[in-house]
Amino acid sequence: MSEATNQQQPIEQLIANRLAKLDELRRLGVEPYPTRYRVAESVSDVRRRFAGASTEGLESDRPAVRLAGRLRSVRGHGKVSFADLSDGAEQLQLYLRKSDLDETSWKVFSLLDLGDFIGVEGTIFRTRTGELSVAVSRLEVLAKTVRPLPEKYHGLADREARARQRYLDLLSNPESRAIFETRSRIVSGIRRFLDGAGFVEVETPMMQPIPGGASARPFETHHNTLDLDLYLRIAPELYLKRLVVGGMERVYEINRNFRNEGISTRHNPEFTMLEFYWAYADYELLMDFTEEMITTVAEQATGGLVVPWGDRTIDFSRPWRRLTLRDAILEHSELTEEDLSSRERMEAAAERVGVLRISERSDGKLLEELYEMTAEPRMIDPTFIMDYPRDISPLTKSKPGNPEVVERFELFIGGLEVANAYTELNDPAEQRRRFEEQAAAGGGVVDEDFLLAIEHGMPPTGGEGVGIDRLVMLLTNQQSIRDVILFPQLRPRDSQG
RNA sequence: GGGCCGUUAGCUCAAUUGGCAGAGCAAGGGACUCUUAAUCCCUAGGUUGGAGGUUCGAUUCCUCCACGGCUCACCA
């Protein structure tokens with residue numbers, strides 16, 4: 001047996017060592033995976049409870065605690081040992097003295113490995129150096145860990161492993177855990193804000209017969225019983241508007257969208273979007289509302305309004321700049337009014353700034369491309385870019401007196417598109433013309449069911465989508481969307497290893 | 001999908017011009033009753049991502065493949 005063990009690969013040997021201890025525990029009559037171990041408080045709770053307790057106070061009180069957690073490190077000194085117990089968020093030092101423990105507990109301790117879950121009973125005290133610690137009197141195994149964890153000091157650095165085995169990343173990299181805790185605060189902060197403003201949270205179909213509300217390529221699936229092709233939604237927009245028709249004047253949904261496009265530092269095939277619709281609002285009101293919502297959430301999540309972003313900072317302080325798409329181009333590039341004055345001049349300008357496949361782009365798309373190639377990366381502090389071309393905004397109401405420009409804004413922060421909002425088109429005849437225009441240009445089908453809904457009357461409405469993943473990136477200073485999504489899409493690993 | 005870069009022990013990282021593949025942590029054995037990246041002594045651990053090629057000799061050079069990172073394209 002031991003000869004065979006020596007032939008094994010290193011990781012197999014490390015596992016064998018742990019399995020041997022597990023067997024030894026069982027021989028001693030100790031169950032390595034007991035059914036339950038109830039505790040009244042966590043390691044973090046105890047740290048908080050005794051944070052201000054003095055050495056002398058603890059010495060006289062000797063408060064008893066019962067705790068469970070994962071063993072993260074051990075510093076042995078012969079007949080005494082120090083160890084760190086973690087609840088995933090915080091650690092507490094354990095102090096184990098052979099003379100203070102029953103024989104089984106001391107023996108069990110010697111059979112532990114880093115990463116094992118244990119339960120301890122003991123009293124709280126401070127060591128000579130002032131470290132809050134538990135003088136352990138009783139110790140139990142709660143779950144044996146049979147594989148070694150990443151190294152304690154450097155944690156897990158390999159980016160692939162961090163994404164594939166997120167549990168190891170969370171365990172060994174506190175910064176990573178902090179990102180996802182902040183993400184949770186952002187999402188709950190948004191819910192609190194919208195609930196407080198009288199919005200109702202709803203859930204609309206993920207599987208749609210016609211993928212609408214955006215123009216990305218959808219993922220396709222099929223329902224067998226109905227023998228029906230379905231698409232994972234690329235946006236919830238057209239369903240949320242049906243709810244506005246139905247009298248839900250303030251609705252929102254925070255959920256996944258799916259787009260079958262490329263993967264990049266700012267795109268994941270499934271991503272989280274907030275969409276909200278507000279009857280009798282328009283895009284100007286939405287700008288005010290968005291400033292308030294995001295500054296509120298940013299402050300809750302980060303504690304301030306000026307946050308680091310790479311080697312720069314983002315200042316979320318209000319008011320945020322608002323400028324039209326045209327003005328943004330003129331202000332942030334060498335281009336002039338002249339360059340935007342005709343199709344020919346725009347094409348020449350597009351050529352100069354490096355836009356590709358110019359001839360395939362509509363006039364409106366060309367203008368947006370010019371913006372993206374010049375001004376967009378420079379929008380670091382929050383900026384509303386308003387008044388988009390009609391032909392790239394088929395669900396948006398035109399500006400009064402100017403049918404070629406629509407009441408639409410996008411919000412840019414840190415060079416990222418974070419939100420997209422419109423004064424919603426609610427004229428069913430005009431909506432039909434826009435759908436037909438899109439269809440003729442190869443951009444999807446006319447959604448008759450949606451038209452049927454708004455023919456029953458949709459009030460004037462403002463609607464907005466906010467990319468939650470990107471907002472989290474901005475508020476946690478992460479340059480890749482993969483680092484703010486727990487399980488980003490990756491290629492399956494070759495099973496051959 | 002294209003271009004560039006990367007992949008070395010369980011983890012974090014070294015390795016000169018193509019010349020015996022190393023360290024720290026973790027692991028195993030030993031010492032140690034206030035340490036905290038504990039310390040000290042000893043031991044073991046490698047198909048250098050995979051498959052080919054060049055060479056007396058390949059972690060190193062070449063080709064292909066896998067996965068990842070960055071970037072470009074796609075994403076009204």
# chains A, B, ... in the order shown; residues from 1 in each chain; ligands from 1
call {"tool": "residues_around", "arguments": {"residues": "Leu22 in chain A", "least_positions_apart": "3", "cutoff": "9 Å", "atoms": "only C-alpha atoms (C1' of nucleotides)", "output": "mmCIF file with C-alpha atoms, in the first residue's frame"}}
result
data_model
loop_
_atom_site.group_PDB
_atom_site.id
_atom_site.type_symbol
_atom_site.label_atom_id
_atom_site.label_comp_id
_atom_site.auth_asym_id
_atom_site.auth_seq_id
_atom_site.Cartn_x
_atom_site.Cartn_y
_atom_site.Cartn_z
ATOM 1 C CA ASN A 17 -2.529 11.694 3.352
ATOM 2 C CA ARG A 18 -5.857 13.294 4.120
ATOM 3 C CA LEU A 19 -7.830 10.115 3.465
ATOM 4 C CA LEU A 25 -10.645 9.388 12.769
ATOM 5 C CA ARG A 26 -13.175 6.666 12.003
ATOM 6 C CA ARG A 27 -10.990 4.116 13.786
ATOM 7 C CA GLU A 31 -17.521 10.535 12.436
ATOM 8 C CA PRO A 32 -15.776 12.924 9.970
ATOM 9 C CA LEU A 111 -5.602 14.527 12.554
ATOM 10 C CA LEU A 112 -6.914 17.798 11.094
ATOM 11 C CA LYS A 144 -13.107 16.560 6.472
ATOM 12 C CA VAL A 146 -9.773 15.768 1.162
#
call {"tool": "residues_around", "arguments": {"residues": "G19 in chain B", "least_positions_apart": "2", "cutoff": "12 Å", "atoms": "only C-alpha atoms (C1' of nucleotides)", "output": "PDB file with N, CA, C and O atoms (P, O5', C5', C4', C3', O3' and C1' of nucleotides), in the first residue's frame"}}
result
ATOM      1  P     U B  16      17.301  30.687 -18.025  1.00  0.00           P
ATOM      2  O5'   U B  16      18.492  31.552 -18.581  1.00  0.00           O
ATOM      3  C5'   U B  16      18.502  32.987 -18.402  1.00  0.00           C
ATOM      4  C4'   U B  16      19.886  33.500 -18.672  1.00  0.00           C
ATOM      5  C3'   U B  16      20.580  32.858 -19.873  1.00  0.00           C
ATOM      6  O3'   U B  16      21.412  33.814 -20.525  1.00  0.00           O
ATOM      7  C1'   U B  16      21.850  32.453 -17.925  1.00  0.00           C
ATOM      8  P     U B  17      20.948  34.512 -21.846  1.00  0.00           P
ATOM      9  O5'   U B  17      21.146  33.427 -22.988  1.00  0.00           O
ATOM     10  C5'   U B  17      20.685  33.724 -24.311  1.00  0.00           C
ATOM     11  C4'   U B  17      21.248  32.712 -25.276  1.00  0.00           C
ATOM     12  C3'   U B  17      20.824  31.259 -25.021  1.00  0.00           C
ATOM     13  O3'   U B  17      20.633  30.606 -26.272  1.00  0.00           O
ATOM     14  C1'   U B  17      23.187  31.415 -25.002  1.00  0.00           C
ATOM     15  P     C B  56      22.694  15.968 -34.269  1.00  0.00           P
ATOM     16  O5'   C B  56      22.773  15.354 -32.803  1.00  0.00           O
ATOM     17  C5'   C B  56      23.005  13.953 -32.626  1.00  0.00           C
ATOM     18  C4'   C B  56      23.218  13.660 -31.163  1.00  0.00           C
ATOM     19  C3'   C B  56      22.193  14.274 -30.222  1.00  0.00           C
ATOM     20  O3'   C B  56      21.031  13.469 -30.116  1.00  0.00           O
ATOM     21  C1'   C B  56      24.356  14.746 -29.410  1.00  0.00           C
ATOM     22  P     G B  57      19.597  14.169 -30.106  1.00  0.00           P
ATOM     23  O5'   G B  57      19.599  14.986 -28.745  1.00  0.00           O
ATOM     24  C5'   G B  57      19.600  14.291 -27.503  1.00  0.00           C
ATOM     25  C4'   G B  57      19.811  15.242 -26.363  1.00  0.00           C
ATOM     26  C3'   G B  57      18.807  16.383 -26.264  1.00  0.00           C
ATOM     27  O3'   G B  57      17.625  15.974 -25.606  1.00  0.00           O
ATOM     28  C1'   G B  57      20.997  17.242 -26.025  1.00  0.00           C
ATOM     29  P     A B  58      16.202  16.614 -26.066  1.00  0.00           P
ATOM     30  O5'   A B  58      16.322  18.166 -25.730  1.00  0.00           O
ATOM     31  C5'   A B  58      16.523  18.624 -24.397  1.00  0.00           C
ATOM     32  C4'   A B  58      15.586  19.772 -24.103  1.00  0.00           C
ATOM     33  C3'   A B  58      14.105  19.414 -24.193  1.00  0.00           C
ATOM     34  O3'   A B  58      13.398  20.218 -23.264  1.00  0.00           O
ATOM     35  C1'   A B  58      14.586  21.070 -25.773  1.00  0.00           C
ATOM     36  P     U B  60      10.788  23.560 -24.838  1.00  0.00           P
ATOM     37  O5'   U B  60      11.544  24.957 -24.861  1.00  0.00           O
ATOM     38  C5'   U B  60      10.866  26.181 -24.578  1.00  0.00           C
ATOM     39  C4'   U B  60      11.867  27.298 -24.456  1.00  0.00           C
ATOM     40  C3'   U B  60      12.687  27.531 -25.720  1.00  0.00           C
ATOM     41  O3'   U B  60      12.898  28.920 -25.919  1.00  0.00           O
ATOM     42  C1'   U B  60      14.116  27.039 -23.889  1.00  0.00           C
TER      43        U B  60
END
call {"tool": "closest_residue", "arguments": {"among": "B:A9, B:C20, B:A51, B:A14", "to": "chain A", "atoms": "only C-alpha atoms (C1' of nucleotides)"}}
result
B:A9
call {"tool": "atom_distance", "arguments": {"atom1": "CA of Pro488 in chain A", "atom2": "C1' of G6 in chain B"}}
result
20.3 Å
call {"tool": "closest_atom_pairs", "arguments": {"of": "chain A", "to": "chain B", "cutoff": "7 Å", "atoms": "only C-alpha atoms (C1' of nucleotides)", "output": "tab-separated table"}}
result
residue	atom	partner	partner_atom	distance
A:Pro10	CA	B:G45	C1'	5.6
A:Ile11	CA	B:G10	C1'	5.4
A:Leu14	CA	B:A27	C1'	6.1
A:Arg75	CA	B:A38	C1'	6.1
A:His77	CA	B:C32	C1'	5.1
A:Gly78	CA	B:C32	C1'	5.1
A:Lys79	CA	B:U33	C1'	5.8
A:Val80	CA	B:U33	C1'	5.3
A:Phe82	CA	B:U35	C1'	6.3
A:Thr127	CA	B:C34	C1'	6.1
A:Arg128	CA	B:C34	C1'	6.0
A:Pro148	CA	B:G10	C1'	6.1
A:Pro150	CA	B:C11	C1'	4.6
A:Glu151	CA	B:C11	C1'	4.5
A:Tyr153	CA	B:A37	C1'	6.1
A:His154	CA	B:U12	C1'	5.9
A:Leu156	CA	B:C11	C1'	7.0
A:Glu160	CA	B:G68	C1'	5.8
A:Ser215	CA	B:A76	C1'	6.0
A:Ala216	CA	B:C75	C1'	5.8
A:Glu261	CA	B:C75	C1'	5.7
A:Gly262	CA	B:C74	C1'	6.3
A:Ile392	CA	B:A76	C1'	4.5
A:Ser393	CA	B:A76	C1'	6.4
A:Arg493	CA	B:C67	C1'	6.6
A:Asp494	CA	B:A66	C1'	6.6
call {"tool": "residues_around", "arguments": {"residues": "Leu92 in chain A", "least_positions_apart": "4", "cutoff": "12 Å", "atoms": "only C-alpha atoms (C1' of nucleotides)", "output": "short mmCIF file (atom, residue, chain, number, x, y, z; two decimals) with all heavy atoms, in the first residue's frame"}}
result
data_model
loop_
_atom_site.label_atom_id
_atom_site.label_comp_id
_atom_site.auth_asym_id
_atom_site.auth_seq_id
_atom_site.Cartn_x
_atom_site.Cartn_y
_atom_site.Cartn_z
N SER A 42 -21.90 33.26 14.54
CA SER A 42 -20.80 32.99 13.62
C SER A 42 -19.51 33.58 14.18
O SER A 42 -19.52 34.35 15.15
CB SER A 42 -21.09 33.63 12.27
OG SER A 42 -21.08 35.04 12.40
N VAL A 43 -18.41 33.25 13.54
CA VAL A 43 -17.12 33.84 13.88
C VAL A 43 -17.20 35.36 13.80
O VAL A 43 -16.74 36.08 14.70
CB VAL A 43 -16.02 33.29 12.95
CG1 VAL A 43 -14.76 34.14 13.04
CG2 VAL A 43 -15.71 31.83 13.29
N SER A 44 -17.82 35.86 12.74
CA SER A 44 -17.95 37.32 12.58
C SER A 44 -18.77 37.92 13.72
O SER A 44 -18.43 38.99 14.23
CB SER A 44 -18.62 37.66 11.24
OG SER A 44 -17.86 37.17 10.16
N ASP A 45 -19.84 37.21 14.11
CA ASP A 45 -20.67 37.70 15.22
C ASP A 45 -19.83 37.83 16.49
O ASP A 45 -19.92 38.83 17.21
CB ASP A 45 -21.81 36.71 15.52
CG ASP A 45 -22.84 36.66 14.40
OD1 ASP A 45 -22.94 37.66 13.66
OD2 ASP A 45 -23.52 35.63 14.27
N VAL A 46 -19.03 36.82 16.76
CA VAL A 46 -18.22 36.82 17.98
C VAL A 46 -17.19 37.95 17.93
O VAL A 46 -16.96 38.65 18.91
CB VAL A 46 -17.55 35.44 18.18
CG1 VAL A 46 -16.45 35.54 19.24
CG2 VAL A 46 -18.60 34.42 18.57
N ARG A 47 -16.57 38.10 16.79
CA ARG A 47 -15.58 39.19 16.65
C ARG A 47 -16.23 40.53 16.95
O ARG A 47 -15.67 41.38 17.63
CB ARG A 47 -15.02 39.23 15.22
CG ARG A 47 -14.01 38.17 14.89
CD ARG A 47 -13.05 38.69 13.83
NE ARG A 47 -12.05 39.52 14.46
CZ ARG A 47 -10.85 39.08 14.83
NH1 ARG A 47 -10.50 37.83 14.61
NH2 ARG A 47 -9.99 39.88 15.40
N ARG A 48 -17.44 40.70 16.41
CA ARG A 48 -18.15 41.97 16.60
C ARG A 48 -18.52 42.13 18.09
O ARG A 48 -18.35 43.19 18.67
CB ARG A 48 -19.42 41.98 15.73
CG ARG A 48 -19.80 43.34 15.21
CD ARG A 48 -20.89 43.23 14.15
NE ARG A 48 -20.52 42.38 13.03
CZ ARG A 48 -21.23 41.33 12.59
NH1 ARG A 48 -22.36 40.99 13.20
NH2 ARG A 48 -20.81 40.62 11.56
N PHE A 50 -17.15 40.99 20.75
CA PHE A 50 -16.07 41.23 21.70
C PHE A 50 -15.02 42.21 21.19
O PHE A 50 -13.93 42.31 21.77
CB PHE A 50 -15.39 39.90 22.08
CG PHE A 50 -16.32 38.97 22.81
CD1 PHE A 50 -16.87 37.87 22.16
CD2 PHE A 50 -16.67 39.22 24.13
CE1 PHE A 50 -17.73 37.03 22.82
CE2 PHE A 50 -17.54 38.38 24.80
CZ PHE A 50 -18.09 37.27 24.15
N ALA A 51 -15.37 42.91 20.12
CA ALA A 51 -14.38 43.81 19.50
C ALA A 51 -13.79 44.78 20.52
O ALA A 51 -12.59 45.04 20.54
CB ALA A 51 -15.01 44.56 18.34
N VAL A 65 -18.10 30.37 24.36
CA VAL A 65 -18.64 30.41 22.99
C VAL A 65 -18.61 29.01 22.38
O VAL A 65 -17.87 28.14 22.82
CB VAL A 65 -17.82 31.35 22.08
CG1 VAL A 65 -17.97 32.81 22.50
CG2 VAL A 65 -16.36 30.95 22.03
N LEU A 67 -18.55 27.63 18.37
CA LEU A 67 -18.38 28.15 17.02
C LEU A 67 -18.08 27.05 16.02
O LEU A 67 -17.51 26.02 16.37
CB LEU A 67 -17.21 29.15 16.98
CG LEU A 67 -17.44 30.50 17.65
CD1 LEU A 67 -16.12 31.25 17.75
CD2 LEU A 67 -18.45 31.30 16.85
N ALA A 68 -18.44 27.31 14.77
CA ALA A 68 -18.11 26.39 13.69
C ALA A 68 -17.44 27.17 12.58
O ALA A 68 -17.71 28.36 12.40
CB ALA A 68 -19.37 25.71 13.18
N GLY A 69 -16.55 26.52 11.84
CA GLY A 69 -15.91 27.20 10.73
C GLY A 69 -14.86 26.32 10.09
O GLY A 69 -14.72 25.14 10.41
N ARG A 70 -14.13 26.96 9.19
CA ARG A 70 -13.10 26.23 8.44
C ARG A 70 -11.73 26.57 9.02
O ARG A 70 -11.43 27.73 9.29
CB ARG A 70 -13.16 26.65 6.97
CG ARG A 70 -12.51 25.65 6.03
CD ARG A 70 -12.32 26.24 4.66
NE ARG A 70 -13.40 26.07 3.71
CZ ARG A 70 -13.56 25.02 2.90
NH1 ARG A 70 -12.73 24.00 2.98
NH2 ARG A 70 -14.53 25.00 2.03
N LEU A 71 -10.92 25.53 9.21
CA LEU A 71 -9.57 25.71 9.73
C LEU A 71 -8.67 26.24 8.62
O LEU A 71 -8.52 25.61 7.58
CB LEU A 71 -9.06 24.34 10.22
CG LEU A 71 -7.73 24.32 10.97
CD1 LEU A 71 -7.85 25.06 12.29
CD2 LEU A 71 -7.30 22.87 11.19
N ARG A 72 -8.12 27.43 8.81
CA ARG A 72 -7.35 28.06 7.73
C ARG A 72 -5.85 28.05 7.95
O ARG A 72 -5.09 28.18 7.01
CB ARG A 72 -7.84 29.50 7.50
CG ARG A 72 -9.25 29.61 6.96
CD ARG A 72 -9.49 28.68 5.75
NE ARG A 72 -8.54 28.86 4.69
CZ ARG A 72 -8.68 29.70 3.69
NH1 ARG A 72 -9.76 30.43 3.61
NH2 ARG A 72 -7.76 29.80 2.75
N SER A 73 -5.41 27.99 9.20
CA SER A 73 -3.97 27.87 9.42
C SER A 73 -3.71 27.35 10.83
O SER A 73 -4.57 27.47 11.70
CB SER A 73 -3.26 29.22 9.22
OG SER A 73 -3.74 30.16 10.15
N VAL A 74 -2.55 26.75 11.00
CA VAL A 74 -2.18 26.20 12.29
C VAL A 74 -0.74 26.58 12.58
O VAL A 74 0.11 26.51 11.70
CB VAL A 74 -2.30 24.65 12.29
CG1 VAL A 74 -1.76 24.07 13.60
CG2 VAL A 74 -3.75 24.22 12.07
N PHE A 82 -1.73 27.32 17.99
CA PHE A 82 -2.64 28.39 17.57
C PHE A 82 -3.21 28.00 16.22
O PHE A 82 -2.52 27.36 15.41
CB PHE A 82 -1.91 29.72 17.44
CG PHE A 82 -1.38 30.22 18.74
CD1 PHE A 82 -0.11 29.86 19.18
CD2 PHE A 82 -2.15 31.04 19.55
CE1 PHE A 82 0.38 30.31 20.39
CE2 PHE A 82 -1.67 31.50 20.76
CZ PHE A 82 -0.41 31.14 21.19
N ALA A 83 -4.46 28.38 15.97
CA ALA A 83 -5.06 28.07 14.68
C ALA A 83 -6.03 29.18 14.33
O ALA A 83 -6.43 29.96 15.20
CB ALA A 83 -5.79 26.73 14.76
N ASP A 84 -6.38 29.30 13.07
CA ASP A 84 -7.34 30.31 12.65
C ASP A 84 -8.59 29.64 12.12
O ASP A 84 -8.52 28.77 11.26
CB ASP A 84 -6.73 31.22 11.58
CG ASP A 84 -5.59 32.06 12.13
OD1 ASP A 84 -5.74 32.58 13.26
OD2 ASP A 84 -4.55 32.17 11.46
N LEU A 85 -9.73 30.07 12.67
CA LEU A 85 -11.03 29.53 12.27
C LEU A 85 -11.74 30.60 11.45
O LEU A 85 -11.85 31.75 11.88
CB LEU A 85 -11.85 29.19 13.53
CG LEU A 85 -13.16 28.46 13.30
CD1 LEU A 85 -12.89 27.02 12.86
CD2 LEU A 85 -14.01 28.48 14.56
N SER A 86 -12.24 30.20 10.26
CA SER A 86 -12.86 31.17 9.36
C SER A 86 -14.33 30.84 9.12
O SER A 86 -14.69 29.68 8.98
CB SER A 86 -12.12 31.16 8.02
OG SER A 86 -12.87 31.84 7.04
N ASP A 87 -15.16 31.88 9.06
CA ASP A 87 -16.55 31.65 8.65
C ASP A 87 -16.77 32.09 7.20
O ASP A 87 -17.88 32.29 6.76
CB ASP A 87 -17.52 32.37 9.59
CG ASP A 87 -17.41 33.89 9.52
OD1 ASP A 87 -16.59 34.41 8.72
OD2 ASP A 87 -18.15 34.58 10.25
N GLY A 88 -15.67 32.28 6.49
CA GLY A 88 -15.76 32.71 5.10
C GLY A 88 -15.53 34.19 4.95
O GLY A 88 -14.98 34.64 3.96
N VAL A 120 -15.93 24.16 17.70
CA VAL A 120 -15.17 24.29 18.94
C VAL A 120 -16.02 24.91 20.05
O VAL A 120 -16.93 25.69 19.78
CB VAL A 120 -13.90 25.17 18.76
CG1 VAL A 120 -12.93 24.55 17.78
CG2 VAL A 120 -14.27 26.58 18.32
N ILE A 124 -13.56 33.00 25.57
CA ILE A 124 -12.92 34.10 24.86
C ILE A 124 -11.89 34.79 25.77
O ILE A 124 -12.16 35.03 26.94
CB ILE A 124 -13.98 35.14 24.43
CG1 ILE A 124 -14.92 34.52 23.40
CG2 ILE A 124 -13.32 36.39 23.89
CD1 ILE A 124 -14.31 34.33 22.04
N PHE A 125 -10.71 35.05 25.21
CA PHE A 125 -9.70 35.80 25.95
C PHE A 125 -8.83 36.54 24.96
O PHE A 125 -9.02 36.42 23.75
CB PHE A 125 -8.85 34.85 26.81
CG PHE A 125 -7.84 34.04 26.02
CD1 PHE A 125 -6.47 34.32 26.14
CD2 PHE A 125 -8.25 33.06 25.14
CE1 PHE A 125 -5.55 33.59 25.40
CE2 PHE A 125 -7.32 32.32 24.41
CZ PHE A 125 -5.97 32.59 24.54
N ARG A 126 -7.91 37.34 25.47
CA ARG A 126 -6.94 37.98 24.60
C ARG A 126 -5.54 37.46 24.92
O ARG A 126 -5.19 37.29 26.08
CB ARG A 126 -6.95 39.51 24.77
CG ARG A 126 -8.14 40.16 24.09
CD ARG A 126 -8.00 41.68 24.04
NE ARG A 126 -9.26 42.29 23.62
CZ ARG A 126 -9.64 42.42 22.35
NH1 ARG A 126 -8.85 41.98 21.39
NH2 ARG A 126 -10.80 42.97 22.05
N GLU A 131 -4.54 39.70 20.77
CA GLU A 131 -5.38 39.05 19.77
C GLU A 131 -6.56 38.33 20.42
O GLU A 131 -6.37 37.46 21.29
CB GLU A 131 -4.52 38.05 18.98
CG GLU A 131 -5.27 37.25 17.94
CD GLU A 131 -5.37 37.96 16.60
OE1 GLU A 131 -4.59 38.90 16.37
OE2 GLU A 131 -6.23 37.56 15.79
N LEU A 132 -7.76 38.69 19.99
CA LEU A 132 -8.96 38.01 20.47
C LEU A 132 -8.90 36.55 20.06
O LEU A 132 -8.65 36.23 18.90
CB LEU A 132 -10.20 38.68 19.85
CG LEU A 132 -11.54 38.36 20.50
CD1 LEU A 132 -11.64 39.00 21.88
CD2 LEU A 132 -12.68 38.82 19.62
N SER A 133 -9.10 35.65 21.04
CA SER A 133 -8.90 34.22 20.77
C SER A 133 -9.88 33.38 21.56
O SER A 133 -10.47 33.85 22.54
CB SER A 133 -7.48 33.80 21.17
OG SER A 133 -6.51 34.62 20.55
N VAL A 134 -10.05 32.14 21.14
CA VAL A 134 -10.85 31.19 21.88
C VAL A 134 -9.91 30.17 22.51
O VAL A 134 -9.15 29.51 21.80
CB VAL A 134 -11.83 30.42 20.95
CG1 VAL A 134 -12.69 29.46 21.78
CG2 VAL A 134 -12.70 31.39 20.17
N ALA A 135 -9.97 30.06 23.84
CA ALA A 135 -9.24 28.98 24.51
C ALA A 135 -10.13 27.75 24.40
O ALA A 135 -11.16 27.65 25.05
CB ALA A 135 -8.99 29.35 25.97
N VAL A 136 -9.71 26.83 23.54
CA VAL A 136 -10.58 25.72 23.18
C VAL A 136 -10.55 24.64 24.25
O VAL A 136 -9.49 24.23 24.71
CB VAL A 136 -10.16 25.14 21.82
CG1 VAL A 136 -11.00 23.91 21.46
CG2 VAL A 136 -10.27 26.20 20.73
P U B 36 4.98 35.20 15.27
OP1 U B 36 6.06 35.06 14.28
OP2 U B 36 4.98 36.32 16.23
"O5'" U B 36 3.59 35.25 14.49
"C5'" U B 36 3.32 34.31 13.45
"C4'" U B 36 1.88 34.45 13.01
"O4'" U B 36 1.00 34.24 14.13
"C3'" U B 36 1.50 35.83 12.51
"O3'" U B 36 1.88 35.95 11.16
"C2'" U B 36 -0.01 35.84 12.70
"O2'" U B 36 -0.66 35.15 11.66
"C1'" U B 36 -0.16 35.01 13.98
N1 U B 36 -0.32 35.86 15.17
C2 U B 36 -1.60 36.30 15.47
O2 U B 36 -2.56 36.01 14.79
N3 U B 36 -1.71 37.08 16.59
C4 U B 36 -0.68 37.46 17.43
O4 U B 36 -0.93 38.15 18.40
C5 U B 36 0.62 36.96 17.04
C6 U B 36 0.75 36.20 15.96
#
call {"tool": "select_by_dssp", "arguments": {"residues": "range 59-241 of chain A", "states": "strand (DSSP E)", "output": "number ranges by chain"}}
result
A: 64-76, 80-86, 91-97, 117-126, 132-143, 200-201, 207-208, 220-223, 228-232
call {"tool": "write_last_selection", "arguments": {"atoms": "C-alpha atoms", "output": "short mmCIF file (atom, residue, chain, number, x, y, z; two decimals), in the first residue's frame"}}
result
data_model
loop_
_atom_site.label_atom_id
_atom_site.label_comp_id
_atom_site.auth_asym_id
_atom_site.auth_seq_id
_atom_site.Cartn_x
_atom_site.Cartn_y
_atom_site.Cartn_z
CA ALA A 64 -18.14 30.82 26.74
CA VAL A 65 -18.64 30.41 22.99
CA ARG A 66 -19.51 27.62 20.60
CA LEU A 67 -18.38 28.15 17.02
CA ALA A 68 -18.11 26.39 13.69
CA GLY A 69 -15.91 27.20 10.73
CA ARG A 70 -13.10 26.23 8.44
CA LEU A 71 -9.57 25.71 9.73
CA ARG A 72 -7.35 28.06 7.73
CA SER A 73 -3.97 27.87 9.42
CA VAL A 74 -2.18 26.20 12.29
CA ARG A 75 0.87 27.34 14.23
CA GLY A 76 2.03 24.50 16.41
CA VAL A 80 0.14 24.17 22.51
CA SER A 81 -1.14 25.32 19.16
CA PHE A 82 -2.64 28.39 17.57
CA ALA A 83 -5.06 28.07 14.68
CA ASP A 84 -7.34 30.31 12.65
CA LEU A 85 -11.03 29.53 12.27
CA SER A 86 -12.86 31.17 9.36
CA GLN A 91 -11.26 34.64 11.13
CA LEU A 92 -10.81 34.11 14.82
CA GLN A 93 -7.73 32.67 16.49
CA LEU A 94 -8.06 29.41 18.38
CA TYR A 95 -5.72 28.60 21.25
CA LEU A 96 -5.38 24.92 22.00
CA ARG A 97 -3.48 23.61 24.99
CA PHE A 117 -14.58 22.26 9.03
CA ILE A 118 -14.58 22.02 12.79
CA GLY A 119 -16.72 22.95 15.76
CA VAL A 120 -15.17 24.29 18.94
CA GLU A 121 -16.26 25.19 22.44
CA GLY A 122 -14.19 27.37 24.72
CA THR A 123 -13.82 30.74 26.34
CA ILE A 124 -12.92 34.10 24.86
CA PHE A 125 -9.70 35.80 25.95
CA ARG A 126 -6.94 37.98 24.60
CA LEU A 132 -8.96 38.01 20.47
CA SER A 133 -8.90 34.22 20.77
CA VAL A 134 -10.85 31.19 21.88
CA ALA A 135 -9.24 28.98 24.51
CA VAL A 136 -10.58 25.72 23.18
CA SER A 137 -11.83 23.09 25.60
CA ARG A 138 -13.61 20.81 23.13
CA LEU A 139 -13.15 20.24 19.42
CA GLU A 140 -15.14 18.25 16.86
CA VAL A 141 -14.72 17.50 13.16
CA LEU A 142 -17.68 18.76 11.11
CA ALA A 143 -16.44 17.93 7.62
CA VAL A 200 -43.45 46.98 -8.60
CA GLU A 201 -40.96 44.22 -9.36
CA MET A 207 -38.21 32.30 -23.42
CA GLN A 208 -39.85 34.37 -26.11
CA GLU A 220 -32.46 29.44 -29.80
CA THR A 221 -34.30 26.61 -28.10
CA HIS A 222 -37.36 24.49 -28.72
CA HIS A 223 -40.39 23.47 -26.72
CA LEU A 228 -42.41 25.70 -30.83
CA ASP A 229 -39.12 27.44 -31.49
CA LEU A 230 -38.31 29.83 -28.68
CA TYR A 231 -35.54 32.32 -28.05
CA LEU A 232 -33.86 33.28 -24.82
#
call {"tool": "select_by_dssp", "arguments": {"residues": "range 95-342 of chain A", "states": "helix (DSSP H, G or I)", "output": "PyMOL selection string"}}
result
chain A and resi 98-100+103-110+159-164+166-172+174-196+237-245+283-302+325-332+337-340
call {"tool": "residues_around", "arguments": {"residues": "Gly354 in chain A", "least_positions_apart": "6", "cutoff": "12 Å", "atoms": "only C-alpha atoms (C1' of nucleotides)", "output": "list of chain:residue names"}}
result
A:Glu347, A:Ala348, A:Leu366, A:Glu369, A:Leu370, A:Tyr371, A:Glu372, A:Met373, A:Thr374, B:C72
call {"tool": "residues_around", "arguments": {"residues": "U8 in chain B", "least_positions_apart": "2", "cutoff": "9 Å", "atoms": "only C-alpha atoms (C1' of nucleotides)", "output": "JSON, numbers by chain"}}
result
{"B": [21, 46, 48, 59]}
